[in-house]
file entry13.cif (mmCIF, C-alpha atoms)
data_my_file
#
loop_
_atom_site.label_atom_id
_atom_site.label_comp_id
_atom_site.auth_asym_id
_atom_site.auth_seq_id
_atom_site.Cartn_x
_atom_site.Cartn_y
_atom_site.Cartn_z
CA SER W 179 15.30 -27.16 -26.13
CA LYS W 180 12.13 -26.80 -24.11
CA ALA W 181 13.77 -27.89 -20.83
CA ALA W 182 16.55 -25.32 -21.24
CA ASN W 183 14.02 -22.52 -21.77
CA HIS W 184 12.04 -23.68 -18.75
CA ASN W 185 15.12 -23.70 -16.49
CA LYS W 186 16.13 -20.25 -17.72
CA TYR W 187 12.97 -18.79 -16.13
CA ARG W 188 13.10 -20.80 -12.90
CA LYS W 189 14.42 -18.66 -10.10
CA TYR W 190 15.54 -19.79 -6.70
CA CYS W 191 14.75 -17.85 -3.52
CA LYS W 192 17.72 -17.94 -1.19
CA ARG W 193 15.64 -16.93 1.82
CA CYS W 194 12.83 -19.49 1.32
CA LYS W 195 15.33 -22.06 0.03
CA ALA W 196 12.90 -23.07 -2.74
CA PHE W 197 12.11 -22.32 -6.35
CA LYS W 198 9.77 -19.40 -6.66
CA PRO W 199 6.96 -18.95 -9.18
CA VAL W 200 7.20 -16.52 -12.09
CA ARG W 201 6.75 -12.87 -11.00
CA ALA W 202 7.11 -13.78 -7.32
CA HIS W 203 9.09 -11.66 -4.89
CA HIS W 204 10.21 -12.43 -1.36
CA CYS W 205 8.70 -10.27 1.38
CA SER W 206 11.00 -9.78 4.33
CA MET W 207 8.06 -8.87 6.59
CA CYS W 208 5.97 -11.97 5.80
CA ASN W 209 9.06 -14.11 5.22
CA ARG W 210 7.62 -15.78 2.11
CA CYS W 211 7.41 -15.36 -1.65
CA ILE W 212 4.32 -13.58 -3.00
CA ILE W 213 3.13 -13.90 -6.62
CA LYS W 214 2.74 -10.49 -8.29
CA MET W 215 3.68 -8.76 -5.05
CA ASP W 216 2.96 -5.05 -5.14
CA HIS W 217 3.90 -3.98 -1.62
CA HIS W 218 3.64 -4.94 2.04
CA CYS W 219 0.76 -2.95 3.51
CA PRO W 220 0.97 -2.00 7.19
CA TRP W 221 -2.79 -1.29 7.29
CA VAL W 222 -3.70 -4.91 6.62
CA ASN W 223 -0.39 -6.32 7.93
CA ASN W 224 0.00 -8.41 4.81
CA CYS W 225 1.41 -8.27 1.32
CA VAL W 226 -0.74 -7.06 -1.55
CA GLY W 227 -0.34 -9.55 -4.36
CA LEU W 228 -2.29 -11.76 -6.71
CA GLY W 229 -4.24 -13.54 -3.98
CA ASN W 230 -5.65 -10.45 -2.25
CA HIS W 231 -5.41 -7.54 -4.69
CA LYS W 232 -9.18 -7.45 -5.15
CA LEU W 233 -9.73 -7.42 -1.40
CA PHE W 234 -7.24 -4.58 -0.98
CA LEU W 235 -9.05 -2.54 -3.65
CA LEU W 236 -12.35 -3.19 -1.87
CA PHE W 237 -10.78 -2.12 1.43
CA LEU W 238 -9.62 1.14 -0.14
CA LEU W 239 -13.04 1.70 -1.72
CA TYR W 240 -14.89 1.15 1.57
CA VAL W 241 -12.53 3.43 3.51
CA ASN W 242 -12.96 6.08 0.82
CA LEU W 243 -16.76 5.80 0.87
CA THR W 244 -16.76 5.98 4.67
CA CYS W 245 -14.68 9.17 4.53
CA ILE W 246 -17.08 10.72 2.03
CA TYR W 247 -20.05 9.71 4.18
CA SER W 248 -18.53 11.17 7.35
CA MET W 249 -17.55 14.40 5.57
CA THR W 250 -21.11 14.73 4.31
CA LEU W 251 -22.58 14.23 7.78
CA MET W 252 -20.19 16.72 9.35
CA ALA W 253 -20.80 19.28 6.60
CA PHE W 254 -24.56 19.04 7.17
CA ARG W 255 -24.12 19.38 10.93
CA TYR W 256 -21.84 22.37 10.58
CA ALA W 257 -24.15 24.01 8.02
CA SER W 258 -27.19 23.49 10.26
CA CYS W 259 -25.31 25.05 13.18
CA VAL W 260 -24.29 28.05 11.10
CA LEU W 261 -27.75 28.55 9.57
CA HIS W 262 -29.81 27.76 12.70
CA PRO W 263 -27.66 28.43 15.80
CA SER W 264 -30.67 28.74 18.09
CA THR W 265 -31.76 25.09 17.79
CA GLY W 266 -29.56 24.08 20.74
CA ARG W 267 -28.09 21.05 18.94
CA CYS W 268 -24.85 22.75 18.05
CA GLY W 269 -23.13 22.77 21.42
CA THR W 270 -20.19 24.98 22.26
CA ALA W 271 -17.62 26.58 20.00
CA SER W 272 -15.08 23.92 21.02
CA SER W 273 -17.36 21.13 19.80
CA ASN W 274 -17.63 22.92 16.45
CA ILE W 275 -13.84 23.03 16.27
CA TRP W 276 -13.83 19.24 16.74
CA VAL W 277 -16.24 18.92 13.83
CA ILE W 278 -13.90 20.95 11.63
CA LEU W 279 -10.89 18.86 12.70
CA LEU W 280 -12.76 15.60 12.05
CA PHE W 281 -13.81 16.92 8.65
CA ALA W 282 -10.18 17.70 7.83
CA GLU W 283 -9.11 14.23 8.98
CA SER W 284 -11.78 12.58 6.84
CA LEU W 285 -10.70 14.71 3.90
CA LEU W 286 -7.05 13.68 4.28
CA PHE W 287 -7.88 9.97 4.63
CA GLY W 288 -10.29 10.22 1.69
CA LEU W 289 -7.67 11.85 -0.53
CA PHE W 290 -5.03 9.30 0.50
CA THR W 291 -7.24 6.27 -0.13
CA GLY W 292 -8.51 7.80 -3.37
CA CYS W 293 -4.95 8.22 -4.61
CA MET W 294 -4.12 4.67 -3.53
CA MET W 295 -7.20 3.36 -5.38
CA GLY W 296 -6.09 5.19 -8.52
CA ASP W 297 -2.58 3.84 -8.21
CA GLN W 298 -3.74 0.27 -7.62
CA SER W 299 -6.17 0.52 -10.54
CA LEU W 300 -3.22 1.56 -12.71
CA VAL W 301 -1.36 -1.52 -11.45
CA ILE W 302 -4.23 -3.72 -12.65
CA PHE W 303 -4.73 -2.00 -16.02
CA THR W 304 -1.02 -1.89 -16.93
CA ASN W 305 -0.11 -5.29 -15.40
CA GLN W 306 2.89 -3.62 -13.72
CA THR W 307 3.31 -3.86 -9.95
CA GLN W 308 5.21 -1.26 -7.93
CA ILE W 309 8.17 -3.63 -7.75
CA ASP W 310 8.07 -4.03 -11.56
CA ARG W 311 8.10 -0.25 -11.92
CA LEU W 312 11.05 0.10 -9.54
CA LYS W 313 13.02 -2.57 -11.41
CA ASN W 314 11.85 -1.18 -14.78
CA VAL W 315 10.50 -4.58 -15.85
CA GLN W 316 7.85 -4.57 -18.57
CA HIS W 317 5.10 -7.21 -18.83
CA GLU W 318 2.55 -7.57 -21.57
CA ARG W 319 -0.82 -6.01 -20.94
CA VAL W 320 -3.60 -8.43 -20.12
CA GLU W 321 -6.95 -7.58 -21.70
CA SER W 322 -8.87 -9.67 -19.17
CA TYR W 323 -8.88 -8.56 -15.54
CA ASN W 324 -10.14 -11.96 -14.38
CA GLU W 325 -6.77 -12.68 -12.80
CA VAL W 326 -7.40 -10.03 -10.14
CA PHE W 327 -11.16 -9.90 -9.84
CA PHE W 328 -12.03 -13.60 -10.09
CA PHE W 329 -8.97 -15.23 -8.56
CA SER W 330 -10.00 -17.84 -6.00
#

call {"tool": "encode", "arguments": {"input": "entry13.cif", "output": "structure tokens"}}
result
Amino acid sequence: SKAANHNKYRKYCKRCKAFKPVRAHHCSMCNRCIIKMDHHCPWVNNCVGLGNHKLFLLFLLYVNLTCIYSMTLMAFRYASCVLHPSTGRCGTASSNIWVILLFAESLLFGLFTGCMMGDQSLVIFTNQTQIDRLKNVQHERVESYNEVFFFS
């Protein structure tokens, strides 16, 4: 019967002491159930799930673009100091070392956020969250990405 099938999919969260929606997982950090929870992100101090996945992707994109922008500025400064050392804008050798260290830091953050963007894009395109992958749970692919990009 229809009621029996409906009850088969209803799950109860022992921590929230309530029924939880389909594909919801309890986050011990937030102490609540999150629909399509991917992970708890310490950068934003919140869970990445259905309600904020788009915002998390935008956050990663903006951090990545900022890293690229800062690397470009530092590369131009370093190149101008190497090509024209007599301009007086280059400072001491220790300030040039700081430029190299900041470039390396921007490169590492850019690579990390780029990898995270790729991983989160894969989550959207395959309709499989990290928790689904860990539990080896398969969900059907959704052709429309409106669920993530136009969720209000």

call {"tool": "resolve_selection", "arguments": {"input": "entry13.cif", "expression": "the PyMOL selection byres ((chain W and resi 221) around 12)", "output": "JSON, numbers by chain"}}
result
{"W": [217, 218, 219, 220, 222, 223, 224, 225, 226, 234, 237, 238, 241, 291]}

call {"tool": "resolve_selection", "arguments": {"input": "entry13.cif", "expression": "the PyMOL selection byres ((chain W and resi 311-315) around 12)", "output": "list in words"}}
result
Arg201, His203, Met215, Asp216, His217, Leu300, Val301, Thr304, Asn305, Gln306, Thr307, Gln308, Ile309, Asp310, Gln316, His317 and Glu318 of chain W

call {"tool": "closest_residue", "arguments": {"input": "entry13.cif", "among": "W:His262, W:Lys232, W:Arg319, W:Lys214", "to": "Pro199 (chain W)", "atoms": "all atoms listed in the file"}}
result
W:Lys214

call {"tool": "closest_residue", "arguments": {"input": "entry13.cif", "among": "W:Leu280, W:Arg210, W:Phe303, W:Ala253", "to": "Lys192 (chain W)", "atoms": "all atoms listed in the file"}}
result
W:Arg210

call {"tool": "atom_distance", "arguments": {"input": "entry13.cif", "atom1": "CA of Ala271 (chain W)", "atom2": "CA of Leu286 (chain W)"}}
result
22.9 Å

call {"tool": "closest_residue", "arguments": {"input": "entry13.cif", "among": "W:Cys205, W:Leu235, W:Val260, W:Val200", "to": "Gly292 (chain W)", "atoms": "only C-alpha atoms"}}
result
W:Leu235

call {"tool": "closest_residue", "arguments": {"input": "entry13.cif", "among": "W:Cys208, W:Met249, W:Arg193, W:Ala202", "to": "Leu289 (chain W)", "atoms": "all atoms listed in the file"}}
result
W:Met249

call {"tool": "closest_residue", "arguments": {"input": "entry13.cif", "among": "W:Tyr190, W:Ile212, W:Tyr240, W:Ser264", "to": "Leu228 (chain W)", "atoms": "all atoms listed in the file"}}
result
W:Ile212

call {"tool": "atom_distance", "arguments": {"input": "entry13.cif", "atom1": "CA of Met295 (chain W)", "atom2": "CA of Gly229 (chain W)"}}
result
17.2 Å

call {"tool": "atom_distance", "arguments": {"input": "entry13.cif", "atom1": "CA of Lys195 (chain W)", "atom2": "CA of Gly227 (chain W)"}}
result
20.5 Å

call {"tool": "residues_around", "arguments": {"input": "entry13.cif", "residues": "Cys259 (chain W)", "least_positions_apart": "4", "cutoff": "7 Å", "atoms": "only C-alpha atoms", "output": "ChimeraX atom specification"}}
result
/W:255,263,268

call {"tool": "write_last_selection", "arguments": {"input": "entry13.cif", "atoms": "C-alpha atoms", "output": "PDB file, in the frame of the given file"}}
result
ATOM      1  CA  ARG W 255     -24.120  19.380  10.930  1.00  0.00           C
ATOM      2  CA  PRO W 263     -27.660  28.430  15.800  1.00  0.00           C
ATOM      3  CA  CYS W 268     -24.850  22.750  18.050  1.00  0.00           C
TER       4      CYS W 268
END

call {"tool": "axis_aligned_box", "arguments": {"input": "entry13.cif", "around": "region 242-256 of chain W", "padding_each_side": "8 Å", "output": "AutoDock Vina command-line options"}}
result
--center_x -18.8 --center_y 14.1 --center_z 5.9 --size_x 27.6 --size_y 32.6 --size_z 26.1

call {"tool": "residues_around", "arguments": {"input": "entry13.cif", "residues": "Met252 (chain W)", "least_positions_apart": "4", "cutoff": "12 Å", "atoms": "all atoms listed in the file", "output": "short mmCIF file (atom, residue, chain, number, x, y, z; two decimals) with C-alpha atoms, keeping the file's coordinate frame"}}
result
data_model
loop_
_atom_site.label_atom_id
_atom_site.label_comp_id
_atom_site.auth_asym_id
_atom_site.auth_seq_id
_atom_site.Cartn_x
_atom_site.Cartn_y
_atom_site.Cartn_z
CA CYS W 245 -14.68 9.17 4.53
CA ILE W 246 -17.08 10.72 2.03
CA TYR W 247 -20.05 9.71 4.18
CA SER W 248 -18.53 11.17 7.35
CA TYR W 256 -21.84 22.37 10.58
CA ALA W 257 -24.15 24.01 8.02
CA SER W 258 -27.19 23.49 10.26
CA CYS W 259 -25.31 25.05 13.18
CA CYS W 268 -24.85 22.75 18.05
CA SER W 273 -17.36 21.13 19.80
CA ASN W 274 -17.63 22.92 16.45
CA ILE W 275 -13.84 23.03 16.27
CA TRP W 276 -13.83 19.24 16.74
CA VAL W 277 -16.24 18.92 13.83
CA ILE W 278 -13.90 20.95 11.63
CA LEU W 279 -10.89 18.86 12.70
CA LEU W 280 -12.76 15.60 12.05
CA PHE W 281 -13.81 16.92 8.65
CA ALA W 282 -10.18 17.70 7.83
CA GLU W 283 -9.11 14.23 8.98
CA SER W 284 -11.78 12.58 6.84
CA LEU W 285 -10.70 14.71 3.90
#

call {"tool": "decode", "arguments": {"input": "entry13.cif", "residues": "region 306-317 of chain W", "atoms": "all heavy atoms", "output": "mmCIF file, in the first residue's frame"}}
result
data_model
loop_
_atom_site.group_PDB
_atom_site.id
_atom_site.type_symbol
_atom_site.label_atom_id
_atom_site.label_comp_id
_atom_site.auth_asym_id
_atom_site.auth_seq_id
_atom_site.Cartn_x
_atom_site.Cartn_y
_atom_site.Cartn_z
ATOM 1 N N GLN W 306 25.628 13.241 -6.038
ATOM 2 C CA GLN W 306 26.155 12.395 -4.967
ATOM 3 C C GLN W 306 26.960 13.276 -4.013
ATOM 4 O O GLN W 306 27.984 13.815 -4.402
ATOM 5 C CB GLN W 306 27.086 11.314 -5.521
ATOM 6 C CG GLN W 306 26.481 10.414 -6.562
ATOM 7 C CD GLN W 306 25.441 9.496 -5.992
ATOM 8 O OE1 GLN W 306 24.263 9.714 -6.198
ATOM 9 N NE2 GLN W 306 25.865 8.500 -5.278
ATOM 10 N N THR W 307 26.517 13.415 -2.784
ATOM 11 C CA THR W 307 27.272 14.186 -1.807
ATOM 12 C C THR W 307 28.447 13.358 -1.293
ATOM 13 O O THR W 307 28.545 12.164 -1.579
ATOM 14 C CB THR W 307 26.379 14.590 -0.617
ATOM 15 O OG1 THR W 307 25.977 13.413 0.070
ATOM 16 C CG2 THR W 307 25.158 15.373 -1.075
ATOM 17 N N GLN W 308 29.324 13.991 -0.531
ATOM 18 C CA GLN W 308 30.456 13.262 0.048
ATOM 19 C C GLN W 308 29.973 12.152 0.980
ATOM 20 O O GLN W 308 30.559 11.068 1.026
ATOM 21 C CB GLN W 308 31.374 14.225 0.812
ATOM 22 C CG GLN W 308 32.021 15.271 -0.043
ATOM 23 C CD GLN W 308 33.027 14.683 -1.016
ATOM 24 O OE1 GLN W 308 33.430 13.535 -0.904
ATOM 25 N NE2 GLN W 308 33.429 15.479 -1.980
ATOM 26 N N ILE W 309 28.921 12.432 1.718
ATOM 27 C CA ILE W 309 28.369 11.424 2.627
ATOM 28 C C ILE W 309 27.803 10.256 1.830
ATOM 29 O O ILE W 309 27.980 9.090 2.204
ATOM 30 C CB ILE W 309 27.306 12.051 3.551
ATOM 31 C CG1 ILE W 309 27.982 13.052 4.491
ATOM 32 C CG2 ILE W 309 26.559 10.983 4.339
ATOM 33 C CD1 ILE W 309 27.042 13.846 5.341
ATOM 34 N N ASP W 310 27.139 10.545 0.695
ATOM 35 C CA ASP W 310 26.639 9.473 -0.174
ATOM 36 C C ASP W 310 27.788 8.626 -0.699
ATOM 37 O O ASP W 310 27.687 7.402 -0.783
ATOM 38 C CB ASP W 310 25.854 10.049 -1.355
ATOM 39 C CG ASP W 310 24.559 10.714 -0.931
ATOM 40 O OD1 ASP W 310 24.046 10.359 0.147
ATOM 41 O OD2 ASP W 310 24.072 11.580 -1.680
ATOM 42 N N ARG W 311 28.886 9.270 -1.069
ATOM 43 C CA ARG W 311 30.050 8.522 -1.565
ATOM 44 C C ARG W 311 30.644 7.635 -0.472
ATOM 45 O O ARG W 311 31.021 6.495 -0.731
ATOM 46 C CB ARG W 311 31.123 9.476 -2.066
ATOM 47 C CG ARG W 311 30.772 10.166 -3.343
ATOM 48 C CD ARG W 311 31.933 11.008 -3.801
ATOM 49 N NE ARG W 311 31.474 12.055 -4.688
ATOM 50 C CZ ARG W 311 32.196 13.103 -5.019
ATOM 51 N NH1 ARG W 311 33.407 13.259 -4.531
ATOM 52 N NH2 ARG W 311 31.715 14.014 -5.835
ATOM 53 N N LEU W 312 30.736 8.161 0.751
ATOM 54 C CA LEU W 312 31.277 7.377 1.852
ATOM 55 C C LEU W 312 30.401 6.161 2.167
ATOM 56 O O LEU W 312 30.903 5.090 2.473
ATOM 57 C CB LEU W 312 31.430 8.245 3.103
ATOM 58 C CG LEU W 312 32.563 9.261 3.077
ATOM 59 C CD1 LEU W 312 32.478 10.169 4.295
ATOM 60 C CD2 LEU W 312 33.906 8.566 3.037
ATOM 61 N N LYS W 313 29.090 6.354 2.101
ATOM 62 C CA LYS W 313 28.156 5.265 2.395
ATOM 63 C C LYS W 313 27.879 4.402 1.168
ATOM 64 O O LYS W 313 27.139 3.440 1.261
ATOM 65 C CB LYS W 313 26.838 5.832 2.922
ATOM 66 C CG LYS W 313 26.959 6.453 4.295
ATOM 67 C CD LYS W 313 25.614 6.914 4.770
ATOM 68 C CE LYS W 313 25.689 7.386 6.207
ATOM 69 N NZ LYS W 313 24.372 7.762 6.735
ATOM 70 N N ASN W 314 28.443 4.789 0.023
ATOM 71 C CA ASN W 314 28.242 4.080 -1.244
ATOM 72 C C ASN W 314 26.766 3.993 -1.612
ATOM 73 O O ASN W 314 26.252 2.939 -1.978
ATOM 74 C CB ASN W 314 28.884 2.688 -1.202
ATOM 75 C CG ASN W 314 29.140 2.143 -2.593
ATOM 76 O OD1 ASN W 314 29.174 2.911 -3.556
ATOM 77 N ND2 ASN W 314 29.315 0.847 -2.685
ATOM 78 N N VAL W 315 26.073 5.131 -1.481
ATOM 79 C CA VAL W 315 24.657 5.230 -1.824
ATOM 80 C C VAL W 315 24.555 5.923 -3.184
ATOM 81 O O VAL W 315 25.157 6.974 -3.391
ATOM 82 C CB VAL W 315 23.884 6.044 -0.753
ATOM 83 C CG1 VAL W 315 22.437 6.234 -1.159
ATOM 84 C CG2 VAL W 315 23.992 5.366 0.590
ATOM 85 N N GLN W 316 23.805 5.310 -4.091
ATOM 86 C CA GLN W 316 23.640 5.872 -5.429
ATOM 87 C C GLN W 316 22.279 6.557 -5.532
ATOM 88 O O GLN W 316 21.276 6.027 -5.060
ATOM 89 C CB GLN W 316 23.728 4.766 -6.491
ATOM 90 C CG GLN W 316 25.053 4.046 -6.507
ATOM 91 C CD GLN W 316 26.175 4.930 -7.010
ATOM 92 O OE1 GLN W 316 26.004 5.711 -7.923
ATOM 93 N NE2 GLN W 316 27.336 4.802 -6.385
ATOM 94 N N HIS W 317 22.265 7.745 -6.163
ATOM 95 C CA HIS W 317 21.025 8.462 -6.449
ATOM 96 C C HIS W 317 20.986 8.721 -7.941
ATOM 97 O O HIS W 317 22.022 8.847 -8.588
ATOM 98 C CB HIS W 317 20.959 9.792 -5.686
ATOM 99 C CG HIS W 317 20.938 9.620 -4.205
ATOM 100 N ND1 HIS W 317 19.826 9.211 -3.519
ATOM 101 C CD2 HIS W 317 21.908 9.779 -3.276
ATOM 102 C CE1 HIS W 317 20.113 9.137 -2.225
ATOM 103 N NE2 HIS W 317 21.366 9.476 -2.049
#
